[in-house]
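Heads up, work-v6.tsv below (TSV, C-alpha atoms):
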```tsv
chain	number	residue	atom	x	y	z
A	1	MET	CA	-9.18	14.67	-7.85
A	2	LYS	CA	-7.61	16.64	-10.68
A	3	ALA	CA	-4.15	15.66	-11.83
A	4	HIS	CA	-2.68	18.99	-10.76
A	5	ASP	CA	-2.40	20.25	-7.19
A	6	SER	CA	-5.48	22.47	-7.15
A	7	VAL	CA	-5.68	25.82	-5.39
A	8	HIS	CA	-8.45	24.35	-3.22
A	9	THR	CA	-6.19	21.52	-2.03
A	10	ARG	CA	-3.26	23.85	-1.35
A	11	ALA	CA	-5.50	26.15	0.64
A	12	ALA	CA	-6.90	23.24	2.63
A	13	ARG	CA	-3.39	22.14	3.57
A	14	THR	CA	-2.43	25.56	4.92
A	15	ILE	CA	-5.62	27.00	6.37
A	16	LEU	CA	-5.01	25.82	9.93
A	17	THR	CA	-1.32	26.70	10.12
A	18	ALA	CA	-1.74	30.37	11.07
A	19	GLY	CA	-1.99	31.63	14.63
A	20	ALA	CA	-5.17	32.76	16.32
A	21	GLY	CA	-6.86	35.94	15.25
A	22	ALA	CA	-6.94	39.25	17.02
A	23	THR	CA	-9.25	37.99	19.75
A	24	GLY	CA	-7.21	34.84	20.33
A	25	SER	CA	-10.25	32.64	19.72
A	26	ASP	CA	-11.58	33.60	16.32
A	27	TRP	CA	-10.53	35.11	13.01
A	28	PRO	CA	-12.17	37.96	11.07
A	29	ILE	CA	-13.24	37.21	7.52
A	30	SER	CA	-10.28	39.14	6.11
A	31	ASP	CA	-7.81	36.87	7.93
A	32	VAL	CA	-9.68	33.74	6.86
A	33	ALA	CA	-9.67	34.93	3.25
A	34	ARG	CA	-5.91	35.53	3.45
A	35	MET	CA	-5.12	32.17	5.08
A	36	SER	CA	-7.40	30.10	2.87
A	37	ARG	CA	-6.80	31.98	-0.40
A	38	VAL	CA	-10.58	32.15	-0.73
A	39	SER	CA	-12.04	35.58	-1.38
A	40	SER	CA	-14.22	37.32	1.20
A	41	ARG	CA	-16.95	37.37	-1.42
A	42	THR	CA	-16.81	33.58	-1.70
A	43	LEU	CA	-16.90	33.19	2.08
A	44	ARG	CA	-19.97	35.44	2.22
A	45	HIS	CA	-21.55	33.28	-0.50
A	46	TYR	CA	-20.83	30.14	1.53
A	47	ASP	CA	-22.62	31.80	4.43
A	48	ALA	CA	-25.58	32.83	2.26
A	49	ILE	CA	-26.16	29.27	1.04
A	50	GLY	CA	-25.69	27.76	4.51
A	51	LEU	CA	-22.47	25.93	3.64
A	52	LEU	CA	-20.23	27.78	6.11
A	53	THR	CA	-21.83	29.91	8.81
A	54	PRO	CA	-19.53	32.22	10.83
A	55	ALA	CA	-19.12	31.63	14.55
A	56	ARG	CA	-20.37	35.15	15.17
A	57	THR	CA	-21.03	38.48	13.53
A	58	ASP	CA	-19.80	41.58	15.37
A	59	PRO	CA	-21.89	44.78	15.85
A	60	SER	CA	-20.33	46.20	12.69
A	61	GLY	CA	-21.59	43.25	10.66
A	62	HIS	CA	-18.16	41.67	10.19
A	63	ARG	CA	-18.04	37.87	10.17
A	64	HIS	CA	-15.73	35.97	12.53
A	65	TYR	CA	-14.76	32.29	12.33
A	66	GLY	CA	-13.63	29.94	15.10
A	67	PRO	CA	-11.55	26.73	14.94
A	68	ALA	CA	-14.59	24.57	14.11
A	69	GLU	CA	-15.50	26.81	11.18
A	70	LEU	CA	-11.92	26.73	9.89
A	71	ARG	CA	-11.90	22.94	10.03
A	72	ARG	CA	-15.19	22.89	8.11
A	73	LEU	CA	-13.71	25.26	5.52
A	74	GLN	CA	-10.72	22.92	5.23
A	75	ARG	CA	-13.07	20.02	4.39
A	76	ILE	CA	-15.00	22.19	1.92
A	77	LEU	CA	-11.78	23.06	0.11
A	78	LEU	CA	-10.63	19.44	0.07
A	79	LEU	CA	-13.92	18.39	-1.52
A	80	ARG	CA	-13.72	21.28	-3.98
A	81	GLY	CA	-10.26	19.98	-4.88
A	82	LEU	CA	-11.92	16.67	-5.74
A	83	GLY	CA	-14.15	18.51	-8.22
A	84	LEU	CA	-17.41	18.31	-6.25
A	85	ALA	CA	-20.09	20.97	-6.68
A	86	LEU	CA	-21.19	23.07	-3.71
A	87	ASP	CA	-24.58	21.39	-3.35
A	88	THR	CA	-22.87	18.00	-3.34
A	89	ILE	CA	-20.36	19.20	-0.73
A	90	ALA	CA	-23.24	20.39	1.44
A	91	ALA	CA	-24.85	16.96	1.21
A	92	VAL	CA	-21.56	15.21	2.05
A	93	LEU	CA	-20.96	17.42	5.10
A	94	ALA	CA	-24.56	17.06	6.24
A	95	GLY	CA	-24.13	13.29	6.23
A	96	GLU	CA	-21.02	13.39	8.42
A	97	THR	CA	-21.66	12.39	12.02
A	98	ASP	CA	-18.04	12.01	13.11
A	99	GLU	CA	-15.64	14.80	12.18
A	100	LEU	CA	-12.54	12.75	12.95
A	101	GLU	CA	-13.73	9.84	10.81
A	102	ALA	CA	-14.58	12.23	7.96
A	103	LEU	CA	-11.08	13.70	8.09
A	104	ARG	CA	-9.55	10.22	8.12
A	105	THR	CA	-11.51	9.36	4.97
A	106	GLN	CA	-10.43	12.55	3.21
A	107	HIS	CA	-6.85	11.91	4.36
A	108	GLY	CA	-7.08	8.53	2.65
A	109	TRP	CA	-8.25	10.21	-0.55
A	110	LEU	CA	-5.27	12.57	-0.46
A	111	LEU	CA	-2.78	9.76	0.19
A	112	ALA	CA	-4.24	7.75	-2.70
A	113	GLU	CA	-3.92	10.77	-4.99
A	114	ARG	CA	-0.36	11.34	-3.76
A	115	ASP	CA	0.52	7.76	-4.67
A	116	ARG	CA	-1.08	8.11	-8.11
A	117	MET	CA	0.82	11.33	-8.78
A	118	ALA	CA	4.05	9.65	-7.65
A	119	ARG	CA	3.48	6.85	-10.17
A	120	MET	CA	2.86	9.39	-12.93
A	121	ALA	CA	5.97	11.37	-11.94
A	122	ALA	CA	8.07	8.20	-12.03
A	123	THR	CA	6.75	7.40	-15.52
A	124	VAL	CA	7.60	10.88	-16.81
A	125	ASP	CA	11.05	10.62	-15.18
A	126	SER	CA	11.63	7.30	-16.95
A	127	THR	CA	10.56	8.87	-20.23
A	128	ILE	CA	13.02	11.73	-19.76
A	129	ASN	CA	15.87	9.32	-18.98
A	130	ALA	CA	15.01	7.15	-21.99
A	131	LEU	CA	15.09	10.19	-24.27
A	132	ARG	CA	18.46	11.25	-22.86
A	133	ARG	CA	19.86	7.80	-23.61
A	134	GLY	CA	18.35	7.79	-27.07
A	135	GLU	CA	16.13	4.84	-26.19
A	136	THR	CA	12.45	4.15	-26.84
A	137	MET	CA	10.29	3.14	-23.90
A	138	ASN	CA	7.90	0.23	-24.10
A	139	ALA	CA	4.54	1.64	-25.26
A	140	ASN	CA	2.68	0.20	-22.28
A	141	GLU	CA	5.17	1.66	-19.80
A	142	LEU	CA	4.54	5.15	-21.16
A	143	PHE	CA	1.14	5.22	-19.45
A	144	THR	CA	1.87	3.73	-16.01
A	145	GLY	CA	-0.16	5.70	-13.49
A	146	PHE	CA	-2.41	7.21	-16.16
A	147	GLU	CA	-5.06	4.51	-15.90
A	148	GLU	CA	-8.68	5.51	-16.48
A	149	ASN	CA	-11.88	3.60	-15.83
A	150	PRO	CA	-13.19	2.48	-19.25
A	151	TYR	CA	-16.78	2.89	-18.00
A	152	GLU	CA	-16.30	6.33	-16.45
A	153	GLU	CA	-17.55	8.33	-19.45
A	154	GLU	CA	-20.77	6.34	-19.54
A	155	ALA	CA	-21.21	6.63	-15.78
A	156	ILE	CA	-20.76	10.40	-15.87
A	157	ALA	CA	-23.33	10.70	-18.66
A	158	ARG	CA	-25.87	8.72	-16.64
A	159	TRP	CA	-25.27	9.84	-13.05
A	160	GLY	CA	-23.20	13.02	-13.21
A	161	LYS	CA	-19.60	14.00	-12.63
A	162	ASP	CA	-20.06	14.65	-8.91
A	163	ALA	CA	-21.43	11.18	-8.16
A	164	VAL	CA	-18.67	9.52	-10.16
A	165	GLY	CA	-16.06	11.72	-8.50
A	166	ARG	CA	-17.25	10.74	-5.03
A	167	SER	CA	-17.22	7.07	-5.99
A	168	ASN	CA	-13.72	7.26	-7.46
A	169	ALA	CA	-12.39	9.07	-4.39
A	170	LYS	CA	-13.98	6.57	-2.01
A	171	TYR	CA	-12.55	3.64	-3.96
A	172	ALA	CA	-9.10	5.25	-4.18
A	173	ALA	CA	-9.00	5.52	-0.38
A	174	LEU	CA	-9.36	1.74	0.05
A	175	SER	CA	-6.41	-0.42	0.96
A	176	ALA	CA	-5.11	-2.91	-1.61
A	177	ASP	CA	-6.69	-5.73	0.42
A	178	ALA	CA	-10.06	-3.98	0.49
A	179	LYS	CA	-9.97	-3.40	-3.26
A	180	GLN	CA	-9.15	-7.07	-3.80
A	181	GLY	CA	-12.02	-7.99	-1.48
A	182	MET	CA	-14.44	-5.98	-3.61
A	183	ALA	CA	-13.17	-7.65	-6.76
A	184	ASP	CA	-13.48	-11.08	-5.15
A	185	GLU	CA	-17.06	-10.39	-4.03
A	186	SER	CA	-18.02	-9.24	-7.53
A	187	ALA	CA	-16.59	-12.44	-9.01
A	188	ALA	CA	-18.37	-14.55	-6.37
A	189	ILE	CA	-21.70	-12.85	-7.07
A	190	ASN	CA	-21.36	-13.52	-10.80
A	191	ALA	CA	-20.36	-17.13	-10.18
A	192	ASP	CA	-23.42	-17.72	-7.99
A	193	LEU	CA	-25.75	-16.04	-10.47
A	194	ALA	CA	-24.34	-18.14	-13.31
A	195	ARG	CA	-24.70	-21.31	-11.23
A	196	TYR	CA	-28.34	-20.63	-10.33
A	197	GLN	CA	-29.11	-19.68	-13.91
A	198	ARG	CA	-27.65	-22.96	-15.21
A	199	ALA	CA	-29.71	-24.81	-12.59
A	200	GLY	CA	-32.86	-23.31	-14.08
A	201	LEU	CA	-33.90	-21.24	-11.05
A	202	ALA	CA	-36.35	-18.41	-11.69
A	203	ALA	CA	-35.15	-14.83	-11.37
A	204	ASP	CA	-37.40	-14.30	-8.33
A	205	ASP	CA	-36.28	-17.50	-6.57
A	206	ASP	CA	-35.18	-16.84	-2.99
A	207	ALA	CA	-31.65	-18.09	-3.65
A	208	VAL	CA	-31.27	-15.81	-6.66
A	209	GLN	CA	-32.71	-12.88	-4.75
A	210	THR	CA	-30.21	-13.40	-1.94
A	211	VAL	CA	-27.38	-13.09	-4.44
A	212	VAL	CA	-28.97	-10.01	-6.01
A	213	GLY	CA	-29.12	-8.51	-2.51
A	214	ARG	CA	-25.36	-8.95	-2.32
A	215	HIS	CA	-25.06	-7.33	-5.74
A	216	TYR	CA	-27.13	-4.35	-4.57
A	217	ARG	CA	-24.96	-3.92	-1.47
A	218	TRP	CA	-21.85	-4.13	-3.68
A	219	VAL	CA	-23.28	-1.38	-5.90
A	220	CYS	CA	-24.08	0.70	-2.82
A	221	PHE	CA	-20.40	1.08	-2.03
A	222	HIS	CA	-20.23	3.41	-5.02
A	223	TRP	CA	-23.79	4.77	-5.13
A	224	THR	CA	-27.13	4.07	-3.43
A	225	PRO	CA	-29.79	3.69	-6.15
A	226	ASN	CA	-33.51	3.67	-5.53
A	227	ALA	CA	-35.73	1.04	-7.15
A	228	GLN	CA	-36.06	2.85	-10.47
A	229	GLN	CA	-32.35	3.60	-10.66
A	230	TYR	CA	-31.36	0.05	-9.78
A	231	VAL	CA	-33.60	-1.33	-12.53
A	232	GLY	CA	-32.07	1.27	-14.86
A	233	LEU	CA	-28.65	-0.09	-13.97
A	234	GLY	CA	-29.87	-3.58	-14.88
A	235	ARG	CA	-31.04	-2.29	-18.26
A	236	MET	CA	-27.65	-0.69	-18.83
A	237	TYR	CA	-26.03	-4.10	-18.38
A	238	ILE	CA	-28.01	-5.18	-21.46
A	239	ASP	CA	-27.77	-1.98	-23.50
A	240	GLU	CA	-24.05	-1.27	-23.12
A	241	PRO	CA	-21.93	-3.82	-25.05
A	242	ARG	CA	-18.97	-3.71	-22.66
A	243	PHE	CA	-21.10	-4.37	-19.60
A	244	ARG	CA	-23.02	-7.11	-21.40
A	245	ALA	CA	-19.80	-8.75	-22.58
A	246	ALA	CA	-18.32	-8.64	-19.06
A	247	TYR	CA	-21.32	-10.44	-17.55
A	248	GLU	CA	-21.62	-12.92	-20.40
A	249	THR	CA	-17.93	-13.76	-20.02
A	250	ALA	CA	-18.74	-14.63	-16.39
A	251	GLY	CA	-21.61	-16.84	-17.60
A	252	VAL	CA	-24.42	-14.48	-16.56
A	253	ASP	CA	-27.21	-13.70	-19.02
A	254	THR	CA	-27.93	-9.99	-18.60
A	255	GLN	CA	-31.65	-10.46	-19.33
A	256	PHE	CA	-31.81	-12.92	-16.42
A	257	LEU	CA	-29.92	-10.42	-14.25
A	258	LEU	CA	-32.32	-7.61	-15.20
A	259	GLU	CA	-35.32	-9.76	-14.29
A	260	ALA	CA	-33.70	-10.64	-10.96
A	261	ILE	CA	-32.87	-6.98	-10.27
A	262	THR	CA	-36.41	-5.92	-11.15
A	263	ALA	CA	-37.84	-8.48	-8.71
A	264	TYR	CA	-35.44	-7.40	-5.98
A	265	ALA	CA	-36.21	-3.69	-6.50
A	266	ALA	CA	-39.96	-4.32	-6.37
A	267	GLY	CA	-39.72	-6.24	-3.12
A	268	ASN	CA	-37.00	-4.37	-1.26
A	269	LEU	CA	-36.46	-0.82	-2.53
A	270	ALA	CA	-38.59	2.30	-2.46
```
Just give me the structure as structure tokens.
Amino acid sequence: MKAHDSVHTRAARTILTAGAGATGSDWPISDVARMSRVSSRTLRHYDAIGLLTPARTDPSGHRHYGPAELRRLQRILLLRGLGLALDTIAAVLAGETDELEALRTQHGWLLAERDRMARMAATVDSTINALRRGETMNANELFTGFEENPYEEEAIARWGKDAVGRSNAKYAALSADAKQGMADESAAINADLARYQRAGLAADDDAVQTVVGRHYRWVCFHWTPNAQQYVGLGRMYIDEPRFRAAYETAGVDTQFLLEAITAYAAGNLA
């Protein structure tokens, strides 16, 4: 999500606060445009591409939207606020089978972003107070809440901004315990790989492949690669110095990991 409160997010927060339309059960496109701060032209475009179909079209050709369509528009605007493209939003909505669960997930994203913005606001407030007192803040404290993923630029270049944005939002919605659990599983996977490597097991050994299966499932939290993409990820662990250094620090030879990933992809992924 962008650091500022986007127009899409503001619209999503307010779209369902208005009363029913003229018929008491639906809203004409003009009312929806006013409530959502989305132009009628944009709403017609959403209809044309199948992203948001009106509940009905009256004899005059005017579009009308019911409560279900307004809720869908709310989710569209929330996802737009996260920076996702329309085709990506369509794919996300198509994959939703439980509307309530989808809203809970997006609520988690918003709460995580609220917390991040609160940390940034507190940092700026501390900076203001330090300047008023004529003091100099600790350099590290100047950037509390401004943390960035050091691998994000590389990930965007390889897999696109939308995929990275979805992954970041999904991770941000996790509880602190869940985030720690992911970190612990990553460390455990690396420890097992290093142990089997030291024991001289082949990359396609069943024990090694079981661990690689855990690695693949760990990766799938963020992104679900096919066989070619998963092997490409293994190559990136070798090619990118920071990834290679991280694995080598954990005692894992990245060439061994690539061979194990290649064997797993060949036997388990399309």
Q) Out of A:Ala245, A:Ala199, A:Leu52, A:Ala191, which residue has the shortest atom-to-atom distance to Ala68 in chain A when counting all atoms listed in the file? A)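 Closest residue, counting all atoms listed in the file: A:Leu52.
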Q. Which of these, A:Ala91, A:Ala55, A:His107, A:Leu201, has the shortest distance to Gln74 in chain A once you count all atoms listed in the file?
A.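 Of all the options, A:His107 lies closest to Gln74 in chain A.
Omitting range 211-216 of chain A and its sequence neighbours fewer than 3 positions away, and counting all atoms listed in the file, the residues within 7 Å are Ile189, Leu193, Ala207, Val208, Val219, Cys220, Ala260, Ile261 and Tyr264 of chain A.
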Export, as a compact mmCIF listing (two decimals), keeping the file's coordinate frame, the selected residues with C-alpha atoms.
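Done, and the output landed in result-v1.txt:
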```txt
# COMPACT_ATOMS: atom_id res chain seq x y z
CA ILE A 189 -21.70 -12.85 -7.07
CA LEU A 193 -25.75 -16.04 -10.47
CA ALA A 207 -31.65 -18.09 -3.65
CA VAL A 208 -31.27 -15.81 -6.66
CA VAL A 219 -23.28 -1.38 -5.90
CA CYS A 220 -24.08 0.70 -2.82
CA ALA A 260 -33.70 -10.64 -10.96
CA ILE A 261 -32.87 -6.98 -10.27
CA TYR A 264 -35.44 -7.40 -5.98
```
Q | Selected residue of minimal separation from Arg41 in chain A among A:Ile29, A:Ala246, A:Thr127, A:Glu69, counting all atoms listed in the file | A | A:Ile29
Q) Which residues, written as a list in words, have at least one atom at most 10 Å from range 62-65 of chain A, with all atoms listed in the file counted and residues fewer than 3 positions away on the same chain left out? A) Gly21, Thr23, Ser25, Asp26, Trp27, Pro28, Ile29, Ser30, Asp31, Val32, Ser40, Leu43, Arg44, Asp47, Leu52, Thr53, Pro54, Ala55, Arg56, Thr57, Asp58, Pro59, Ala68, Glu69, Leu70 and Leu73 of chain A
